[in-house]
Structure formats: structure tokens, C-alpha cells
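K.L.:
mmCIF, N, CA and C atoms, saved as input.cif, coming up:
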data_input
#
loop_
_atom_site.label_atom_id
_atom_site.label_comp_id
_atom_site.auth_asym_id
_atom_site.auth_seq_id
_atom_site.Cartn_x
_atom_site.Cartn_y
_atom_site.Cartn_z
N MET A 1 44.22 -46.20 161.48
CA MET A 1 44.17 -44.83 161.03
C MET A 1 44.74 -44.76 159.62
N ALA A 2 44.01 -44.16 158.72
CA ALA A 2 44.41 -44.04 157.31
C ALA A 2 45.43 -42.92 157.15
N LEU A 3 46.20 -43.02 156.07
CA LEU A 3 47.13 -41.95 155.74
C LEU A 3 46.33 -40.70 155.37
N PRO A 4 46.85 -39.54 155.67
CA PRO A 4 46.13 -38.32 155.29
C PRO A 4 46.12 -38.14 153.77
N ARG A 5 45.12 -37.48 153.26
CA ARG A 5 45.05 -37.25 151.81
C ARG A 5 46.09 -36.20 151.38
N LYS A 6 46.31 -35.21 152.21
CA LYS A 6 47.32 -34.20 151.89
C LYS A 6 48.70 -34.81 152.05
N LYS A 7 49.58 -34.43 151.14
CA LYS A 7 50.99 -34.85 151.16
C LYS A 7 51.17 -36.34 150.88
N THR A 8 50.16 -36.98 150.32
CA THR A 8 50.32 -38.36 149.87
C THR A 8 50.07 -38.39 148.37
N ARG A 9 50.53 -39.44 147.74
CA ARG A 9 50.33 -39.61 146.31
C ARG A 9 49.54 -40.88 146.08
N VAL A 10 48.93 -40.95 144.91
CA VAL A 10 48.13 -42.12 144.56
C VAL A 10 48.74 -42.77 143.33
N LEU A 11 48.78 -44.09 143.34
CA LEU A 11 49.32 -44.86 142.22
C LEU A 11 48.38 -46.02 141.93
N ASP A 12 48.07 -46.22 140.66
CA ASP A 12 47.21 -47.32 140.24
C ASP A 12 48.10 -48.51 139.87
N VAL A 13 47.82 -49.65 140.49
CA VAL A 13 48.54 -50.88 140.19
C VAL A 13 47.50 -51.95 139.89
N ASP A 14 47.47 -52.39 138.66
CA ASP A 14 46.53 -53.43 138.23
C ASP A 14 45.08 -53.08 138.54
N GLY A 15 44.72 -51.81 138.33
CA GLY A 15 43.34 -51.39 138.53
C GLY A 15 42.95 -51.05 139.96
N VAL A 16 43.88 -51.11 140.87
CA VAL A 16 43.61 -50.77 142.27
C VAL A 16 44.45 -49.54 142.63
N GLN A 17 43.81 -48.57 143.27
CA GLN A 17 44.54 -47.37 143.66
C GLN A 17 45.09 -47.51 145.06
N PHE A 18 46.35 -47.11 145.20
CA PHE A 18 47.05 -47.13 146.48
C PHE A 18 47.52 -45.72 146.81
N ARG A 19 47.49 -45.38 148.08
CA ARG A 19 48.00 -44.11 148.58
C ARG A 19 49.33 -44.39 149.28
N TYR A 20 50.30 -43.50 149.07
CA TYR A 20 51.60 -43.74 149.70
C TYR A 20 52.25 -42.44 150.14
N VAL A 21 53.14 -42.60 151.09
CA VAL A 21 53.93 -41.50 151.58
C VAL A 21 55.30 -42.07 151.92
N GLY A 22 56.31 -41.26 151.75
CA GLY A 22 57.65 -41.76 152.05
C GLY A 22 58.64 -40.63 152.17
N ASP A 23 59.84 -41.00 152.51
CA ASP A 23 60.91 -40.03 152.65
C ASP A 23 62.22 -40.75 152.39
N ALA A 24 63.08 -40.09 151.70
CA ALA A 24 64.43 -40.62 151.49
C ALA A 24 65.40 -39.49 151.77
N SER A 25 66.45 -39.79 152.46
CA SER A 25 67.43 -38.74 152.74
C SER A 25 68.84 -39.27 152.64
N HIS A 26 69.73 -38.38 152.31
CA HIS A 26 71.15 -38.71 152.24
C HIS A 26 71.89 -37.49 152.78
N MET A 27 71.74 -37.29 154.06
CA MET A 27 72.40 -36.16 154.69
C MET A 27 72.74 -36.51 156.13
N THR A 28 73.79 -35.91 156.63
CA THR A 28 74.26 -36.12 157.99
C THR A 28 74.35 -37.59 158.35
N GLY A 29 74.89 -38.38 157.43
CA GLY A 29 75.10 -39.78 157.72
C GLY A 29 73.91 -40.68 157.46
N ASP A 30 72.73 -40.11 157.23
CA ASP A 30 71.56 -40.93 156.93
C ASP A 30 71.64 -41.40 155.49
N ASP A 31 71.25 -42.63 155.25
CA ASP A 31 71.26 -43.18 153.91
C ASP A 31 70.13 -44.19 153.80
N TYR A 32 68.92 -43.72 153.92
CA TYR A 32 67.80 -44.65 153.97
C TYR A 32 66.57 -44.02 153.33
N GLY A 33 65.62 -44.84 153.05
CA GLY A 33 64.31 -44.40 152.60
C GLY A 33 63.27 -45.23 153.31
N ILE A 34 62.16 -44.65 153.62
CA ILE A 34 61.05 -45.38 154.22
C ILE A 34 59.81 -45.11 153.38
N LEU A 35 58.99 -46.11 153.24
CA LEU A 35 57.81 -46.02 152.41
C LEU A 35 56.64 -46.68 153.14
N ILE A 36 55.50 -46.00 153.18
CA ILE A 36 54.29 -46.56 153.77
C ILE A 36 53.19 -46.49 152.71
N ILE A 37 52.52 -47.63 152.51
CA ILE A 37 51.51 -47.75 151.46
C ILE A 37 50.23 -48.35 152.05
N GLU A 38 49.10 -47.90 151.53
CA GLU A 38 47.82 -48.49 151.87
C GLU A 38 46.90 -48.36 150.67
N LYS A 39 45.81 -49.10 150.68
CA LYS A 39 44.81 -48.95 149.64
C LYS A 39 44.20 -47.56 149.75
N ALA A 40 43.93 -46.91 148.63
CA ALA A 40 43.43 -45.53 148.66
C ALA A 40 42.05 -45.42 149.30
N GLU A 41 41.20 -46.41 149.08
CA GLU A 41 39.85 -46.40 149.66
C GLU A 41 39.70 -47.60 150.58
N ASN A 42 39.01 -47.41 151.68
CA ASN A 42 38.75 -48.48 152.64
C ASN A 42 40.03 -49.18 153.09
N ALA A 43 41.01 -48.40 153.45
CA ALA A 43 42.31 -48.95 153.86
C ALA A 43 42.19 -49.76 155.14
N ARG A 44 42.86 -50.89 155.17
CA ARG A 44 42.90 -51.72 156.37
C ARG A 44 44.36 -51.90 156.79
N GLN A 45 45.08 -52.77 156.13
CA GLN A 45 46.47 -53.05 156.50
C GLN A 45 47.42 -52.22 155.65
N LYS A 46 48.42 -51.64 156.31
CA LYS A 46 49.45 -50.86 155.62
C LYS A 46 50.68 -51.72 155.38
N VAL A 47 51.55 -51.24 154.51
CA VAL A 47 52.85 -51.86 154.27
C VAL A 47 53.91 -50.82 154.58
N ARG A 48 54.98 -51.26 155.24
CA ARG A 48 56.13 -50.38 155.50
C ARG A 48 57.35 -51.09 154.95
N ALA A 49 58.19 -50.33 154.22
CA ALA A 49 59.41 -50.90 153.65
C ALA A 49 60.53 -49.86 153.73
N TYR A 50 61.74 -50.36 153.71
CA TYR A 50 62.94 -49.51 153.76
C TYR A 50 63.83 -49.85 152.57
N PHE A 51 64.67 -48.92 152.20
CA PHE A 51 65.69 -49.19 151.20
C PHE A 51 66.86 -48.25 151.42
N THR A 52 67.99 -48.57 150.81
CA THR A 52 69.17 -47.73 150.92
C THR A 52 69.12 -46.66 149.84
N TYR A 53 69.13 -45.41 150.25
CA TYR A 53 69.02 -44.29 149.32
C TYR A 53 70.13 -44.32 148.27
N THR A 54 71.36 -44.58 148.69
CA THR A 54 72.49 -44.56 147.76
C THR A 54 72.30 -45.58 146.64
N LYS A 55 71.81 -46.76 146.96
CA LYS A 55 71.57 -47.78 145.94
C LYS A 55 70.56 -47.28 144.91
N LEU A 56 69.46 -46.70 145.37
CA LEU A 56 68.45 -46.18 144.46
C LEU A 56 69.02 -45.04 143.60
N ALA A 57 69.75 -44.14 144.21
CA ALA A 57 70.33 -43.01 143.48
C ALA A 57 71.30 -43.49 142.40
N LEU A 58 72.10 -44.51 142.70
CA LEU A 58 73.03 -45.06 141.70
C LEU A 58 72.29 -45.69 140.53
N GLU A 59 71.21 -46.39 140.81
CA GLU A 59 70.41 -46.99 139.74
C GLU A 59 69.77 -45.92 138.87
N TYR A 60 69.29 -44.85 139.48
CA TYR A 60 68.73 -43.75 138.69
C TYR A 60 69.80 -43.11 137.83
N ARG A 61 70.98 -42.92 138.37
CA ARG A 61 72.08 -42.33 137.61
C ARG A 61 72.42 -43.20 136.39
N ARG A 62 72.32 -44.51 136.56
CA ARG A 62 72.62 -45.45 135.47
C ARG A 62 71.72 -45.21 134.25
N VAL A 63 70.47 -44.78 134.47
CA VAL A 63 69.56 -44.53 133.36
C VAL A 63 69.47 -43.05 133.01
N GLY A 64 70.42 -42.26 133.51
CA GLY A 64 70.49 -40.86 133.14
C GLY A 64 69.57 -39.93 133.90
N HIS A 65 69.15 -40.32 135.06
CA HIS A 65 68.27 -39.49 135.88
C HIS A 65 68.94 -39.31 137.24
N ALA A 66 68.61 -38.25 137.92
CA ALA A 66 69.21 -38.03 139.23
C ALA A 66 68.13 -37.74 140.26
N LEU A 67 68.28 -38.30 141.43
CA LEU A 67 67.41 -37.96 142.55
C LEU A 67 68.05 -36.81 143.30
N SER A 68 67.22 -35.96 143.86
CA SER A 68 67.78 -34.89 144.69
C SER A 68 68.32 -35.51 145.98
N HIS A 69 69.11 -34.74 146.71
CA HIS A 69 69.66 -35.28 147.96
C HIS A 69 68.57 -35.56 148.98
N VAL A 70 67.53 -34.78 148.95
CA VAL A 70 66.40 -35.04 149.83
C VAL A 70 65.15 -34.97 148.95
N ILE A 71 64.37 -36.02 148.96
CA ILE A 71 63.13 -36.00 148.19
C ILE A 71 61.97 -36.25 149.13
N ASP A 72 60.84 -35.63 148.84
CA ASP A 72 59.71 -35.75 149.76
C ASP A 72 58.75 -36.86 149.36
N TYR A 73 59.11 -37.64 148.38
CA TYR A 73 58.30 -38.79 148.01
C TYR A 73 59.18 -39.84 147.36
N MET A 74 58.70 -41.06 147.37
CA MET A 74 59.43 -42.15 146.74
C MET A 74 59.12 -42.16 145.26
N PRO A 75 60.08 -42.53 144.42
CA PRO A 75 59.79 -42.65 142.99
C PRO A 75 58.69 -43.70 142.79
N PRO A 76 57.71 -43.43 141.92
CA PRO A 76 56.61 -44.37 141.71
C PRO A 76 57.08 -45.78 141.34
N TYR A 77 58.19 -45.90 140.64
CA TYR A 77 58.69 -47.24 140.30
C TYR A 77 58.96 -48.06 141.57
N VAL A 78 59.54 -47.43 142.56
CA VAL A 78 59.83 -48.11 143.82
C VAL A 78 58.52 -48.49 144.52
N VAL A 79 57.54 -47.60 144.47
CA VAL A 79 56.25 -47.88 145.10
C VAL A 79 55.58 -49.07 144.43
N ARG A 80 55.55 -49.06 143.10
CA ARG A 80 54.91 -50.17 142.38
C ARG A 80 55.59 -51.50 142.69
N GLN A 81 56.91 -51.52 142.65
CA GLN A 81 57.65 -52.76 142.95
C GLN A 81 57.37 -53.22 144.38
N THR A 82 57.25 -52.28 145.30
CA THR A 82 56.98 -52.63 146.69
C THR A 82 55.59 -53.24 146.84
N ILE A 83 54.61 -52.66 146.15
CA ILE A 83 53.25 -53.20 146.21
C ILE A 83 53.22 -54.62 145.66
N LEU A 84 53.86 -54.85 144.51
CA LEU A 84 53.88 -56.18 143.91
C LEU A 84 54.58 -57.18 144.83
N TYR A 85 55.69 -56.77 145.43
CA TYR A 85 56.43 -57.64 146.35
C TYR A 85 55.57 -57.97 147.58
N ALA A 86 54.91 -56.95 148.12
CA ALA A 86 54.07 -57.16 149.31
C ALA A 86 52.93 -58.13 149.01
N ARG A 87 52.31 -57.99 147.86
CA ARG A 87 51.22 -58.91 147.48
C ARG A 87 51.73 -60.35 147.40
N GLU A 88 52.90 -60.51 146.81
CA GLU A 88 53.49 -61.85 146.68
C GLU A 88 53.82 -62.46 148.03
N HIS A 89 54.00 -61.62 149.04
CA HIS A 89 54.39 -62.09 150.37
C HIS A 89 53.29 -61.94 151.42
N GLY A 90 52.05 -62.04 150.94
CA GLY A 90 50.94 -62.17 151.86
C GLY A 90 50.21 -60.91 152.29
N TRP A 91 50.52 -59.77 151.68
CA TRP A 91 49.82 -58.55 152.07
C TRP A 91 48.37 -58.64 151.62
N ALA A 92 47.47 -58.42 152.54
CA ALA A 92 46.04 -58.40 152.26
C ALA A 92 45.50 -57.03 152.66
N PRO A 93 45.57 -56.05 151.75
CA PRO A 93 45.21 -54.68 152.12
C PRO A 93 43.76 -54.49 152.52
N ASP A 94 42.89 -55.46 152.17
CA ASP A 94 41.47 -55.36 152.53
C ASP A 94 41.15 -56.05 153.85
N GLU A 95 42.10 -56.78 154.38
CA GLU A 95 41.85 -57.56 155.59
C GLU A 95 42.71 -57.08 156.75
N GLY A 96 42.29 -57.43 157.91
CA GLY A 96 43.10 -57.16 159.10
C GLY A 96 43.39 -55.70 159.29
N GLY A 97 44.39 -55.46 160.06
CA GLY A 97 44.79 -54.09 160.33
C GLY A 97 46.27 -54.07 160.62
N GLY A 98 46.73 -52.99 161.15
CA GLY A 98 48.14 -52.88 161.50
C GLY A 98 49.03 -52.64 160.30
N ILE A 99 50.30 -53.01 160.47
CA ILE A 99 51.31 -52.74 159.45
C ILE A 99 52.08 -54.02 159.16
N LEU A 100 52.22 -54.33 157.88
CA LEU A 100 53.09 -55.41 157.46
C LEU A 100 54.46 -54.80 157.18
N ASP A 101 55.45 -55.13 157.99
CA ASP A 101 56.79 -54.57 157.84
C ASP A 101 57.62 -55.49 156.96
N LEU A 102 57.97 -55.02 155.76
CA LEU A 102 58.74 -55.82 154.81
C LEU A 102 60.24 -55.72 155.03
N GLY A 103 60.67 -54.80 155.87
CA GLY A 103 62.10 -54.63 156.11
C GLY A 103 62.78 -53.94 154.94
N ASN A 104 64.08 -54.19 154.79
CA ASN A 104 64.88 -53.57 153.73
C ASN A 104 64.69 -54.34 152.43
N LEU A 105 64.29 -53.64 151.37
CA LEU A 105 64.01 -54.28 150.09
C LEU A 105 65.12 -54.09 149.05
N ASP A 106 66.29 -53.66 149.47
CA ASP A 106 67.39 -53.42 148.52
C ASP A 106 67.61 -54.57 147.56
N GLU A 107 67.65 -55.77 148.07
CA GLU A 107 67.97 -56.93 147.23
C GLU A 107 66.72 -57.60 146.67
N LYS A 108 65.56 -57.05 146.97
CA LYS A 108 64.32 -57.68 146.53
C LYS A 108 63.63 -56.93 145.41
N LEU A 109 63.94 -55.65 145.23
CA LEU A 109 63.35 -54.87 144.14
C LEU A 109 64.17 -55.05 142.88
N ASP A 110 63.50 -54.98 141.74
CA ASP A 110 64.15 -55.15 140.44
C ASP A 110 64.42 -53.78 139.83
N PHE A 111 65.63 -53.27 140.03
CA PHE A 111 65.98 -51.96 139.50
C PHE A 111 66.39 -52.02 138.03
N SER A 112 66.51 -53.21 137.46
CA SER A 112 66.99 -53.33 136.08
C SER A 112 65.99 -52.75 135.08
N LYS A 113 64.72 -52.65 135.44
CA LYS A 113 63.71 -52.11 134.54
C LYS A 113 63.39 -50.65 134.87
N LEU A 114 64.24 -50.01 135.60
CA LEU A 114 64.00 -48.64 136.03
C LEU A 114 63.80 -47.72 134.83
N ASN A 115 62.73 -46.97 134.85
CA ASN A 115 62.36 -46.06 133.78
C ASN A 115 62.70 -44.64 134.21
N PRO A 116 63.55 -43.92 133.47
CA PRO A 116 63.90 -42.57 133.89
C PRO A 116 62.71 -41.63 133.91
N GLU A 117 61.63 -41.98 133.24
CA GLU A 117 60.42 -41.16 133.26
C GLU A 117 59.49 -41.55 134.40
N SER A 118 59.91 -42.46 135.24
CA SER A 118 59.01 -43.02 136.25
C SER A 118 58.71 -42.07 137.40
N GLN A 119 59.17 -40.84 137.34
CA GLN A 119 58.78 -39.87 138.37
C GLN A 119 57.32 -39.50 138.22
N ASP A 120 56.73 -39.77 137.06
CA ASP A 120 55.32 -39.47 136.83
C ASP A 120 54.46 -40.59 137.41
N PRO A 121 53.68 -40.31 138.46
CA PRO A 121 52.90 -41.37 139.07
C PRO A 121 51.86 -42.00 138.14
N GLY A 122 51.54 -41.31 137.05
CA GLY A 122 50.57 -41.85 136.11
C GLY A 122 51.14 -42.90 135.17
N ASN A 123 52.45 -43.02 135.12
CA ASN A 123 53.07 -44.00 134.22
C ASN A 123 52.69 -45.42 134.60
N ARG A 124 52.46 -46.26 133.61
CA ARG A 124 52.28 -47.69 133.83
C ARG A 124 53.61 -48.32 133.43
N TYR A 125 54.37 -48.81 134.35
CA TYR A 125 55.69 -49.31 134.03
C TYR A 125 55.71 -50.79 134.05
#
Could you write out this structure as C-alpha cells?

P.N.:
Amino acid sequence: MALPRKKTRVLDVDGVQFRYVGDASHMTGDDYGILIIEKAENARQKVRAYFTYTKLALEYRRVGHALSHVIDYMPPYVVRQTILYAREHGWAPDEGGGILDLGNLDEKLDFSKLNPESQDPGNRY
């Protein structure tokens, strides 16, 4: 089953469009983010990843940007890094089905190149 078109965002990575949806929260003891990604057209296999919200918020603060306490989407920079990581680790979005669960990516994403303007999904970072 493909992600719905409503309430999802699209990001182009190396000429391929991906649709994603996610949630990050930092309330009532929760400190996590979840992200689900699939190819925008003819989706087959999805990717699911998690990260620690506080870590991401601290990295954004370092570059002079702030995330709200609850955001209804993942920053595009995180999505792009997740797609690249998934590809490197065997994700084949055109093949198979189901979900490739990458687990927690806190130590696997490169936050050092974080762009404070990266809230714009059209940015090529």
C-alpha cells in the first residue's frame, strides 16, 4: 500500500522523486522521530527510520535554526540523508515489497552539513 498523497511531501534526490511522511515529538517524555519514505511513483519497498528528536533539535540550534516542539514533517535534510543511507545499505525501492527498517540513525546521519535553510523541500543540499 502506497503512502497517501495528502499530508506527504516530495523530495527529489539525484533525479528521483520520493514521497515521505514523518513525525517528531518532544512532549510527555517522548523524544523520537519516525520517518517513512517510498518512491513517489510506482512505489514498492518503503524505508522506516527513527532518530532522537533532541539530537536533531540541538544540531539545528547550532546553525541558528529551531525546530518546533512538535513538527508534522521531518526536515528535508534528514529525509535526504536517510534516502542516501538506505541506498548504501541495500534499499531497492523498485523491487520487492514491505518495509526496510533502518532502526535509529542518530549516529549514522551526517548533521555537520546541516543547512538552516533546509526546511525548503526544493533545496538541493

K.L.:
Using only N, CA and C atoms, pick whichever of A:Gly15, A:Pro75, A:Gly97, A:Gly103 has the shortest atom-to-atom distance to Ala43 (chain A).

P.N.:
A:Gly97

K.L.:
Spell out the residues picked by the PyMOL selection byres (((chain A and resi 94 and name CA) around 9) and name CA) here, as a CSV table (one decimal) with N, CA and C atoms, in the frame of the given file.

P.N.:
chain,number,residue,atom,x,y,z
A,39,LYS,N,45.8,-49.1,150.7
A,39,LYS,CA,44.8,-49.0,149.6
A,39,LYS,C,44.2,-47.6,149.8
A,42,ASN,N,39.0,-47.4,151.7
A,42,ASN,CA,38.8,-48.5,152.6
A,42,ASN,C,40.0,-49.2,153.1
A,43,ALA,N,41.0,-48.4,153.4
A,43,ALA,CA,42.3,-49.0,153.9
A,43,ALA,C,42.2,-49.8,155.1
A,44,ARG,N,42.9,-50.9,155.2
A,44,ARG,CA,42.9,-51.7,156.4
A,44,ARG,C,44.4,-51.9,156.8
A,45,GLN,N,45.1,-52.8,156.1
A,45,GLN,CA,46.5,-53.0,156.5
A,45,GLN,C,47.4,-52.2,155.6
A,91,TRP,N,50.5,-59.8,151.7
A,91,TRP,CA,49.8,-58.6,152.1
A,91,TRP,C,48.4,-58.6,151.6
A,92,ALA,N,47.5,-58.4,152.5
A,92,ALA,CA,46.0,-58.4,152.3
A,92,ALA,C,45.5,-57.0,152.7
A,93,PRO,N,45.6,-56.0,151.8
A,93,PRO,CA,45.2,-54.7,152.1
A,93,PRO,C,43.8,-54.5,152.5
A,95,GLU,N,42.1,-56.8,154.4
A,95,GLU,CA,41.8,-57.6,155.6
A,95,GLU,C,42.7,-57.1,156.8
A,96,GLY,N,42.3,-57.4,157.9
A,96,GLY,CA,43.1,-57.2,159.1
A,96,GLY,C,43.4,-55.7,159.3
A,97,GLY,N,44.4,-55.5,160.1
A,97,GLY,CA,44.8,-54.1,160.3
A,97,GLY,C,46.3,-54.1,160.6

K.L.:
Can you measure atom C of Lys108 (chain A) to atom N of Arg5 (chain A) for me? One decimal in Å is fine.

P.N.:
28.0 Å

K.L.:
Excluding same-chain residues fewer than 4 positions from Ile34 (chain A), what lies within 8 Å of it counting only C-alpha atoms, as a PyMOL selection string?

P.N.:
chain A and resi 22-24+48-51

K.L.:
Running the PyMOL selection byres (((chain A and resi 86 and name CA) around 12) and name CA) on this model by hand, what would come out? Give it as a ChimeraX atom specification.

P.N.:
/A:36-38,45-49,79-85,87-93,99-103,105,108-109

K.L.:
What does the structure give for the distance between atom C of Ala2 (chain A) and atom N of Asp31 (chain A), in Å to one decimal?

P.N.:
25.9 Å

K.L.:
Selection in question (the file shown): the PyMOL selection byres ((chain A and resi 52) around 6). Which residues does it include, as a ChimeraX atom specification?

P.N.:
/A:31-33,50-51,53-56,106

K.L.:
Report, in Å to a single decimal, how far apart CA of Ala57 (chain A) and CA of Ala40 (chain A) are.

P.N.:
27.5 Å
